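So this one's structure.cif, mmCIF, C-alpha atoms and all ligand atoms:
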```cif
data_final
loop_
_atom_site.group_PDB
_atom_site.id
_atom_site.type_symbol
_atom_site.label_atom_id
_atom_site.label_comp_id
_atom_site.auth_asym_id
_atom_site.auth_seq_id
_atom_site.Cartn_x
_atom_site.Cartn_y
_atom_site.Cartn_z
ATOM 1 C CA MET Q 1 -26.552 15.507 -19.900
ATOM 2 C CA THR Q 2 -25.709 17.256 -16.619
ATOM 3 C CA ALA Q 3 -24.951 13.900 -14.936
ATOM 4 C CA ASP Q 4 -22.655 12.942 -17.835
ATOM 5 C CA LEU Q 5 -20.923 16.280 -17.569
ATOM 6 C CA PHE Q 6 -20.350 15.797 -13.838
ATOM 7 C CA GLU Q 7 -18.999 12.299 -14.365
ATOM 8 C CA GLY Q 8 -16.669 13.597 -17.051
ATOM 9 C CA VAL Q 9 -15.416 16.312 -14.724
ATOM 10 C CA ALA Q 10 -15.034 13.853 -11.826
ATOM 11 C CA ALA Q 11 -12.871 11.661 -14.055
ATOM 12 C CA VAL Q 12 -10.307 14.393 -14.639
ATOM 13 C CA LEU Q 13 -10.486 16.511 -11.466
ATOM 14 C CA PRO Q 14 -8.355 15.064 -8.726
ATOM 15 C CA SER Q 15 -10.361 14.698 -5.511
ATOM 16 C CA ARG Q 16 -8.583 15.350 -2.262
ATOM 17 C CA GLU Q 17 -10.249 14.137 0.920
ATOM 18 C CA VAL Q 18 -8.694 14.738 4.335
ATOM 19 C CA MET Q 19 -9.314 11.587 6.422
ATOM 20 C CA ALA Q 20 -7.522 12.976 9.475
ATOM 21 C CA GLU Q 21 -4.744 15.490 10.114
ATOM 22 C CA GLY Q 22 -1.872 14.259 7.911
ATOM 23 C CA ALA Q 23 -3.886 11.594 6.039
ATOM 24 C CA VAL Q 24 -5.092 12.560 2.566
ATOM 25 C CA LEU Q 25 -7.131 10.315 0.261
ATOM 26 C CA LEU Q 26 -6.651 10.964 -3.461
ATOM 27 C CA ARG Q 27 -9.526 9.029 -5.045
ATOM 28 C CA GLY Q 28 -8.625 7.560 -8.432
ATOM 29 C CA PHE Q 29 -5.192 9.210 -8.487
ATOM 30 C CA ALA Q 30 -3.486 6.083 -9.903
ATOM 31 C CA ARG Q 31 -6.201 5.285 -12.452
ATOM 32 C CA PRO Q 32 -4.635 7.122 -15.409
ATOM 33 C CA SER Q 33 -1.458 5.061 -14.814
ATOM 34 C CA GLU Q 34 -3.172 1.686 -14.264
ATOM 35 C CA SER Q 35 -1.741 0.030 -17.423
ATOM 36 C CA GLU Q 36 1.855 1.059 -16.703
ATOM 37 C CA LEU Q 37 1.506 0.060 -13.053
ATOM 38 C CA ILE Q 38 0.119 -3.383 -13.887
ATOM 39 C CA ALA Q 39 2.756 -4.002 -16.584
ATOM 40 C CA ALA Q 40 5.538 -3.044 -14.140
ATOM 41 C CA LEU Q 41 3.976 -5.309 -11.523
ATOM 42 C CA ARG Q 42 4.177 -8.283 -13.907
ATOM 43 C CA ASP Q 43 7.923 -7.681 -14.365
ATOM 44 C CA ILE Q 44 8.490 -7.405 -10.620
ATOM 45 C CA GLU Q 45 6.647 -10.623 -9.785
ATOM 46 C CA GLY Q 46 8.585 -12.428 -12.514
ATOM 47 C CA TRP Q 47 11.803 -11.494 -10.721
ATOM 48 C CA ALA Q 48 10.595 -11.586 -7.112
ATOM 49 C CA PRO Q 49 7.473 -13.769 -6.820
ATOM 50 C CA PHE Q 50 4.770 -13.129 -4.221
ATOM 51 C CA ARG Q 51 5.175 -15.319 -1.159
ATOM 52 C CA HIS Q 52 3.439 -15.780 2.199
ATOM 53 C CA MET Q 53 5.955 -14.609 4.783
ATOM 54 C CA VAL Q 54 6.051 -15.930 8.326
ATOM 55 C CA THR Q 55 5.655 -13.653 11.351
ATOM 56 C CA PRO Q 56 8.079 -13.783 14.290
ATOM 57 C CA GLY Q 57 5.315 -15.701 16.113
ATOM 58 C CA GLY Q 58 5.407 -18.421 13.439
ATOM 59 C CA HIS Q 59 2.141 -17.610 11.602
ATOM 60 C CA SER Q 60 2.050 -17.572 7.818
ATOM 61 C CA MET Q 61 0.489 -14.285 6.600
ATOM 62 C CA SER Q 62 -2.700 -14.509 4.520
ATOM 63 C CA VAL Q 63 -1.430 -11.591 2.426
ATOM 64 C CA ALA Q 64 1.254 -12.563 -0.120
ATOM 65 C CA MET Q 65 4.107 -10.048 -0.442
ATOM 66 C CA THR Q 66 7.003 -8.958 -2.581
ATOM 67 C CA ASN Q 67 9.011 -5.727 -2.854
ATOM 68 C CA CYS Q 68 10.746 -3.412 -5.267
ATOM 69 C CA GLY Q 69 13.271 -0.658 -4.617
ATOM 70 C CA GLY Q 70 16.615 -0.541 -2.849
ATOM 71 C CA LEU Q 71 15.124 -2.068 0.278
ATOM 72 C CA GLY Q 72 12.316 -4.540 0.875
ATOM 73 C CA TRP Q 73 10.298 -5.271 4.016
ATOM 74 C CA VAL Q 74 10.587 -8.863 5.193
ATOM 75 C CA THR Q 75 9.476 -10.945 8.134
ATOM 76 C CA ASP Q 76 10.509 -14.389 9.317
ATOM 77 C CA ARG Q 77 11.019 -16.168 12.658
ATOM 78 C CA GLY Q 78 13.888 -13.751 13.299
ATOM 79 C CA GLY Q 79 11.695 -10.634 13.175
ATOM 80 C CA TYR Q 80 10.671 -7.755 10.911
ATOM 81 C CA ARG Q 81 13.293 -5.777 8.977
ATOM 82 C CA TYR Q 82 14.245 -4.078 5.727
ATOM 83 C CA ASP Q 83 16.710 -5.967 3.540
ATOM 84 C CA ALA Q 84 18.401 -5.028 0.240
ATOM 85 C CA ASN Q 85 18.110 -8.652 -0.914
ATOM 86 C CA ASP Q 86 15.204 -11.008 -1.376
ATOM 87 C CA PRO Q 87 15.788 -13.802 1.166
ATOM 88 C CA GLU Q 88 14.179 -16.334 -1.229
ATOM 89 C CA THR Q 89 16.734 -15.764 -3.995
ATOM 90 C CA ALA Q 90 19.538 -13.802 -2.250
ATOM 91 C CA LYS Q 91 19.283 -11.358 -5.202
ATOM 92 C CA PRO Q 92 18.575 -7.636 -4.849
ATOM 93 C CA TRP Q 93 14.893 -6.671 -5.032
ATOM 94 C CA PRO Q 94 13.892 -5.401 -8.487
ATOM 95 C CA ALA Q 95 14.409 -1.669 -8.974
ATOM 96 C CA MET Q 96 11.518 0.665 -8.269
ATOM 97 C CA PRO Q 97 9.952 1.400 -11.672
ATOM 98 C CA ALA Q 98 10.013 5.088 -12.657
ATOM 99 C CA ALA Q 99 6.211 5.029 -13.079
ATOM 100 C CA PHE Q 100 5.815 3.844 -9.453
ATOM 101 C CA ARG Q 101 8.223 6.385 -8.034
ATOM 102 C CA GLN Q 102 6.860 9.358 -9.992
ATOM 103 C CA LEU Q 103 3.281 8.658 -8.971
ATOM 104 C CA ALA Q 104 4.243 8.200 -5.307
ATOM 105 C CA VAL Q 105 6.263 11.420 -5.246
ATOM 106 C CA GLN Q 106 3.430 13.376 -6.939
ATOM 107 C CA ALA Q 107 0.869 11.949 -4.526
ATOM 108 C CA ALA Q 108 3.017 12.805 -1.502
ATOM 109 C CA ALA Q 109 3.345 16.397 -2.737
ATOM 110 C CA GLN Q 110 -0.467 16.625 -3.183
ATOM 111 C CA GLY Q 111 -0.803 15.292 0.340
ATOM 112 C CA GLY Q 112 1.463 17.993 1.770
ATOM 113 C CA PHE Q 113 4.804 16.162 1.728
ATOM 114 C CA PRO Q 114 6.975 17.649 -1.046
ATOM 115 C CA GLY Q 115 10.358 16.035 -1.609
ATOM 116 C CA PHE Q 116 9.296 12.498 -0.634
ATOM 117 C CA SER Q 117 12.114 10.113 -1.496
ATOM 118 C CA PRO Q 118 10.979 6.486 -1.103
ATOM 119 C CA ASP Q 119 13.654 3.768 -0.991
ATOM 120 C CA ALA Q 120 11.261 0.836 -0.475
ATOM 121 C CA CYS Q 121 7.983 -0.336 -1.971
ATOM 122 C CA LEU Q 122 6.183 -3.228 -0.290
ATOM 123 C CA ILE Q 123 3.662 -4.926 -2.565
ATOM 124 C CA ASN Q 124 0.786 -6.761 -0.893
ATOM 125 C CA ARG Q 125 -1.488 -9.197 -2.721
ATOM 126 C CA TYR Q 126 -4.863 -10.023 -1.159
ATOM 127 C CA GLU Q 127 -6.966 -12.901 -2.438
ATOM 128 C CA PRO Q 128 -10.535 -13.355 -1.149
ATOM 129 C CA GLY Q 129 -10.427 -13.902 2.621
ATOM 130 C CA ALA Q 130 -6.945 -12.415 3.089
ATOM 131 C CA ARG Q 131 -6.683 -9.754 5.786
ATOM 132 C CA MET Q 132 -4.183 -7.697 7.712
ATOM 133 C CA SER Q 133 -4.683 -7.357 11.442
ATOM 134 C CA LEU Q 134 -4.230 -4.048 13.249
ATOM 135 C CA HIS Q 135 -0.586 -2.989 13.396
ATOM 136 C CA GLN Q 136 1.708 0.029 13.343
ATOM 137 C CA ASP Q 137 4.460 0.526 10.742
ATOM 138 C CA LYS Q 138 7.499 1.172 12.925
ATOM 139 C CA ASP Q 139 10.374 -0.514 11.093
ATOM 140 C CA GLU Q 140 11.410 2.682 9.305
ATOM 141 C CA ASP Q 141 14.104 5.011 10.649
ATOM 142 C CA ASP Q 142 12.376 8.320 9.951
ATOM 143 C CA PHE Q 143 8.724 8.822 10.933
ATOM 144 C CA THR Q 144 8.704 12.374 9.546
ATOM 145 C CA ALA Q 145 8.477 10.850 6.041
ATOM 146 C CA PRO Q 146 4.965 9.758 5.031
ATOM 147 C CA ILE Q 147 3.885 6.380 3.659
ATOM 148 C CA VAL Q 148 2.058 6.494 0.328
ATOM 149 C CA SER Q 149 -0.317 3.635 -0.452
ATOM 150 C CA MET Q 150 -1.946 2.750 -3.793
ATOM 151 C CA SER Q 151 -4.784 0.275 -4.190
ATOM 152 C CA LEU Q 152 -5.431 -1.726 -7.363
ATOM 153 C CA GLY Q 153 -7.999 -4.397 -8.180
ATOM 154 C CA LEU Q 154 -10.807 -5.484 -5.825
ATOM 155 C CA PRO Q 155 -12.038 -2.974 -3.207
ATOM 156 C CA ALA Q 156 -11.146 -3.445 0.463
ATOM 157 C CA ILE Q 157 -12.301 -2.116 3.808
ATOM 158 C CA PHE Q 158 -9.389 -0.282 5.401
ATOM 159 C CA LEU Q 159 -9.398 -0.055 9.212
ATOM 160 C CA PHE Q 160 -8.083 3.273 10.446
ATOM 161 C CA GLY Q 161 -7.467 3.201 14.171
ATOM 162 C CA GLY Q 162 -5.735 5.498 16.605
ATOM 163 C CA LEU Q 163 -2.422 5.679 18.434
ATOM 164 C CA LYS Q 164 -3.576 2.999 20.894
ATOM 165 C CA ARG Q 165 -4.405 -0.538 19.764
ATOM 166 C CA ALA Q 166 -7.697 -0.374 21.654
ATOM 167 C CA ASP Q 167 -8.906 2.736 19.758
ATOM 168 C CA LYS Q 168 -11.969 1.774 17.699
ATOM 169 C CA PRO Q 169 -11.022 1.876 14.006
ATOM 170 C CA ARG Q 170 -12.974 3.893 11.440
ATOM 171 C CA ARG Q 171 -13.698 1.996 8.219
ATOM 172 C CA PHE Q 172 -12.890 3.333 4.745
ATOM 173 C CA ARG Q 173 -13.535 1.591 1.453
ATOM 174 C CA LEU Q 174 -10.435 1.768 -0.759
ATOM 175 C CA GLU Q 175 -10.992 1.122 -4.441
ATOM 176 C CA HIS Q 176 -8.969 0.543 -7.583
ATOM 177 C CA GLY Q 177 -6.807 3.598 -8.244
ATOM 178 C CA ASP Q 178 -7.155 5.176 -4.795
ATOM 179 C CA VAL Q 179 -3.986 6.629 -3.284
ATOM 180 C CA VAL Q 180 -3.554 7.612 0.368
ATOM 181 C CA VAL Q 181 -0.776 9.683 1.889
ATOM 182 C CA TRP Q 182 -0.184 8.895 5.572
ATOM 183 C CA GLY Q 183 1.975 11.386 7.367
ATOM 184 C CA GLY Q 184 2.239 13.683 10.342
ATOM 185 C CA PRO Q 185 0.136 12.596 13.315
ATOM 186 C CA THR Q 186 -1.310 9.589 11.410
ATOM 187 C CA ARG Q 187 2.059 8.059 10.577
ATOM 188 C CA LEU Q 188 1.987 5.831 13.660
ATOM 189 C CA VAL Q 189 -1.700 4.955 13.893
ATOM 190 C CA PHE Q 190 -2.851 1.347 14.173
ATOM 191 C CA HIS Q 191 -4.349 0.195 10.891
ATOM 192 C CA GLY Q 192 -5.400 -2.966 9.078
ATOM 193 C CA VAL Q 193 -7.531 -4.453 6.328
ATOM 194 C CA ALA Q 194 -10.774 -6.461 6.794
ATOM 195 C CA PRO Q 195 -10.979 -9.894 5.086
ATOM 196 C CA LEU Q 196 -11.205 -9.304 1.335
ATOM 197 C CA ALA Q 197 -14.656 -9.949 -0.129
ATOM 198 C CA ASP Q 198 -14.741 -12.150 -3.208
ATOM 199 C CA GLY Q 199 -15.279 -10.531 -6.577
ATOM 200 C CA LYS Q 200 -13.739 -10.191 -10.000
ATOM 201 C CA HIS Q 201 -11.957 -7.030 -11.053
ATOM 202 C CA ALA Q 202 -11.926 -6.235 -14.776
ATOM 203 C CA LEU Q 203 -8.124 -5.863 -14.925
ATOM 204 C CA LEU Q 204 -6.824 -7.898 -11.982
ATOM 205 C CA GLY Q 205 -9.411 -10.644 -11.444
ATOM 206 C CA ARG Q 206 -9.900 -12.066 -7.944
ATOM 207 C CA GLN Q 207 -7.278 -10.022 -6.122
ATOM 208 C CA ARG Q 208 -6.369 -6.714 -4.595
ATOM 209 C CA ILE Q 209 -2.859 -5.322 -4.905
ATOM 210 C CA ASN Q 210 -1.618 -2.638 -2.523
ATOM 211 C CA LEU Q 211 1.641 -0.785 -3.029
ATOM 212 C CA THR Q 212 3.141 1.030 -0.034
ATOM 213 C CA PHE Q 213 5.999 3.436 -0.642
ATOM 214 C CA ARG Q 214 8.265 4.035 2.287
ATOM 215 C CA LYS Q 215 11.405 5.826 3.288
ATOM 216 C CA ALA Q 216 12.999 3.056 5.318
ATOM 217 C CA ARG Q 217 16.408 4.701 5.896
HETATM 218 C C1 LIG W 1 -1.374 4.262 8.013
HETATM 219 N N1 LIG W 1 -0.950 -2.233 4.121
HETATM 220 O O1 LIG W 1 1.640 -2.788 4.137
HETATM 221 S S1 LIG W 1 -2.285 0.443 3.048
HETATM 222 C C2 LIG W 1 1.162 -2.322 5.193
HETATM 223 O O2 LIG W 1 -3.901 -2.204 2.273
HETATM 224 C C3 LIG W 1 -0.273 -2.037 5.236
HETATM 225 O O3 LIG W 1 -2.196 -3.518 2.218
HETATM 226 C C4 LIG W 1 -2.393 -2.079 4.048
HETATM 227 O O4 LIG W 1 -0.768 -1.660 6.244
HETATM 228 C C5 LIG W 1 -2.859 -2.625 2.743
HETATM 229 O O5 LIG W 1 1.821 -2.055 6.197
HETATM 230 C C6 LIG W 1 -2.815 -0.689 4.247
HETATM 231 C C7 LIG W 1 -2.519 1.902 3.959
HETATM 232 C C8 LIG W 1 -1.507 2.230 4.994
HETATM 233 C C9 LIG W 1 -0.200 1.810 4.906
HETATM 234 C C10 LIG W 1 0.706 2.199 5.847
HETATM 235 C C11 LIG W 1 0.326 3.026 6.903
HETATM 236 C C12 LIG W 1 -1.890 3.019 6.020
HETATM 237 C C13 LIG W 1 -0.989 3.436 6.979
HETATM 238 C C14 LIG W 1 1.237 3.480 7.856
HETATM 239 C C15 LIG W 1 0.842 4.315 8.850
HETATM 240 C C16 LIG W 1 -0.472 4.698 8.949
HETATM 241 FE FE FE W 2 0.835 -1.038 7.622
#
```

Mind turning the file's structure into structure tokens?
Ligand code: MD3
Ligand code: FE
Amino acid sequence: MTADLFEGVAAVLPSREVMAEGAVLLRGFARPSESELIAALRDIEGWAPFRHMVTPGGHSMSVAMTNCGGLGWVTDRGGYRYDANDPETAKPWPAMPAAFRQLAVQAAAQGGFPGFSPDACLINRYEPGARMSLHQDKDEDDFTAPIVSMSLGLPAIFLFGGLKRADKPRRFRLEHGDVVVWGGPTRLVFHGVAPLADGKHALLGRQRINLTFRKAR
């Protein structure tokens, strides 16, 4: 009875965990919107399919990517950049769905960044074994704006490093529905994702989807 009551309360009470100064983890924040988010995702991938981009060094990324919003993050042999058009189709990226934007703006406010105005949403798809090596996100013009990330599907181990590449990363498990706001002193930390463990998520199957909302310009 008491355990049920606590679980019921946990399901509706937003939890707010400070991972570091400027980094706030909102466990399950996107869960109430999971159906809308997944439906919008289907539309986006119909217009702008996931693809494995190539790094400037010539390596194909294990994470498949697409974008929505006015700008999309791309990489090829020429470098990393934001582009208004999908280089695969030369068409604009699909618009950022209202459900995406609203949730990102609400999360940013909860994380201490009211007035967040994202113009780009990078969508990462991890299949078992896919990983993201330690990197900094530095292709945006304004580092005073946070990045908001939302995880859907299979859980992943997120690697949260420091301002130097050599700083030993802390490990956090990010699960379906978790949202993290990365701002202030954590905006430029090195971070990555450990190889995805195999599994089957009830809604998304053998994959993890991560949405990152950015103010690129
Ligand atoms: C901390 N994505 O797309 S999300 C990325 O799970 C990226 O797909 C990872 O790193 C993923 O660039 C991590 C969490 C995240 C995103 C951006 C950050 C953490 C961040 C930027 C600065 C600091
Ligand atoms: Fe990143």

At most 9 Å from (-0.8, -9.8, -6.5), file frame, all atoms listed in the file: which residues, as number ranges by chain? Q: 41, 45, 50, 64-66, 123-127, 204, 207-210

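Residues having any atom no farther than 8 Å from (8.7, -0.3, -17.1) (counting only C-alpha atoms) are Glu36, Ala39, Ala40, Asp43, Pro97, Ala98 and Ala99 of chain Q.
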
As a tab-separated table (two decimals) with C-alpha atoms, in the frame of the given file, please: the residues near Phe213 in chain Q (cut-off 6 Å, all atoms listed in the file, same-chain neighbours under 6 positions excluded).
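Just written: around-v9.tsv:
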```tsv
chain	number	residue	atom	x	y	z
Q	118	PRO	CA	10.98	6.49	-1.10
Q	120	ALA	CA	11.26	0.84	-0.48
Q	121	CYS	CA	7.98	-0.34	-1.97
Q	147	ILE	CA	3.88	6.38	3.66
Q	148	VAL	CA	2.06	6.49	0.33
```

Measuring between only C-alpha atoms, which one of Q:Ala130, Q:Asp178, Q:Ala84, Q:Thr144 shows the shortest distance to Pro14 in chain Q?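 Using only C-alpha atoms, Pro14 in chain Q sits closest to Q:Asp178.
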
Do you have the CA of Gly183 in chain Q-CA of Gly78 in chain Q distance handy?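 So the two atoms, CA of Gly183 in chain Q and CA of Gly78 in chain Q, lie 28.4 Å apart.
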
Using all atoms listed in the file, which of the listed residues (Q:Asp119, Q:Gln110, Q:Leu188, Q:His201) sits closest to Leu25 in chain Q?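 Among Q:Asp119, Q:Gln110, Q:Leu188, Q:His201, it is Q:Gln110 that comes nearest to Leu25 in chain Q.
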
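Where the distance criterion is 10 Å and the atoms used are all atoms listed in the file, the residues close to ligand FE 2 (chain W) are Leu122, Met132, Ser133, Leu134, His135, Gln136, Asp137, Lys138, Ile147, Ser149, Arg187, Leu188, Val189, Phe190, His191, Gly192, Val193 and Thr212 of chain Q.
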
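Closest to ligand LIG 1 (chain W) among Q:Asp167, Q:Glu140, Q:Asp83, Q:Glu88 is Q:Glu140, based on only C-alpha atoms and all ligand atoms.
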
Which residue gives the smallest distance to Ala216 in chain Q among Q:Ala145, Q:Ala107, Q:Met61, Q:Leu196, with all atoms listed in the file counted?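 Closest to Ala216 in chain Q of all the choices is Q:Ala145.
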
Between atom C5 of ligand LIG 1 (chain W) and CA of Leu152 in chain Q, distance in Å (one decimal): 10.5 Å

Box for ligand LIG 1 (chain W): with edges along x, y and z, all listed atoms inside and 8 Å added on each side, what are the centre and edge lengths in Å to one decimal, as AutoDock Vina command-line options?
```
--center_x -1.0 --center_y 0.6 --center_z 5.6 --size_x 21.7 --size_y 24.2 --size_z 22.7
```

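The smallest atom-to-atom distance between ligand LIG 1 (chain W) and any of Q:Ala202, Q:Ala197, Q:Ala23, Q:Ala95, using all atoms listed in the file, is found for Q:Ala23.
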
Of the residues Q:Arg31, Q:Lys200, Q:Lys168, Q:Arg131, which is the one nearest to ligand LIG 1 (chain W), using all atoms listed in the file?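 Nearest to ligand LIG 1 (chain W): Q:Arg131.
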
Starting from the incomplete input, reconstruct N, CA, C and O atoms of range 154-165 of chain Q and report them as a tab-separated table (two decimals), in the frame of the given file.
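Now in rebuild.tsv:
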```
chain	number	residue	atom	x	y	z
Q	154	LEU	N	-9.58	-5.43	-6.63
Q	154	LEU	CA	-10.81	-5.48	-5.82
Q	154	LEU	C	-10.79	-4.46	-4.69
Q	154	LEU	O	-9.72	-4.16	-4.14
Q	155	PRO	N	-11.97	-3.92	-4.33
Q	155	PRO	CA	-12.04	-2.97	-3.21
Q	155	PRO	C	-11.82	-3.68	-1.87
Q	155	PRO	O	-12.05	-4.88	-1.73
Q	156	ALA	N	-11.36	-2.90	-0.88
Q	156	ALA	CA	-11.15	-3.44	0.46
Q	156	ALA	C	-11.65	-2.45	1.49
Q	156	ALA	O	-11.75	-1.25	1.22
Q	157	ILE	N	-11.96	-2.98	2.68
Q	157	ILE	CA	-12.30	-2.12	3.81
Q	157	ILE	C	-11.04	-1.92	4.63
Q	157	ILE	O	-10.47	-2.86	5.19
Q	158	PHE	N	-10.59	-0.66	4.65
Q	158	PHE	CA	-9.39	-0.28	5.40
Q	158	PHE	C	-9.81	0.14	6.81
Q	158	PHE	O	-10.77	0.88	6.98
Q	159	LEU	N	-9.10	-0.36	7.81
Q	159	LEU	CA	-9.40	-0.06	9.21
Q	159	LEU	C	-8.40	0.97	9.71
Q	159	LEU	O	-7.19	0.72	9.72
Q	160	PHE	N	-8.91	2.13	10.09
Q	160	PHE	CA	-8.08	3.27	10.45
Q	160	PHE	C	-8.28	3.56	11.94
Q	160	PHE	O	-9.26	4.18	12.33
Q	161	GLY	N	-7.36	3.07	12.73
Q	161	GLY	CA	-7.47	3.20	14.17
Q	161	GLY	C	-6.78	4.45	14.70
Q	161	GLY	O	-6.59	5.43	13.99
Q	162	GLY	N	-6.38	4.37	15.95
Q	162	GLY	CA	-5.74	5.50	16.60
Q	162	GLY	C	-4.33	5.13	17.05
Q	162	GLY	O	-3.75	4.15	16.59
Q	163	LEU	N	-3.79	5.92	17.98
Q	163	LEU	CA	-2.42	5.68	18.43
Q	163	LEU	C	-2.35	4.55	19.46
Q	163	LEU	O	-1.27	4.06	19.76
Q	164	LYS	N	-3.53	4.14	19.98
Q	164	LYS	CA	-3.58	3.00	20.89
Q	164	LYS	C	-4.29	1.85	20.20
Q	164	LYS	O	-5.29	2.07	19.50
Q	165	ARG	N	-3.80	0.63	20.42
Q	165	ARG	CA	-4.40	-0.54	19.76
Q	165	ARG	C	-5.90	-0.63	20.06
Q	165	ARG	O	-6.68	-1.07	19.20
```
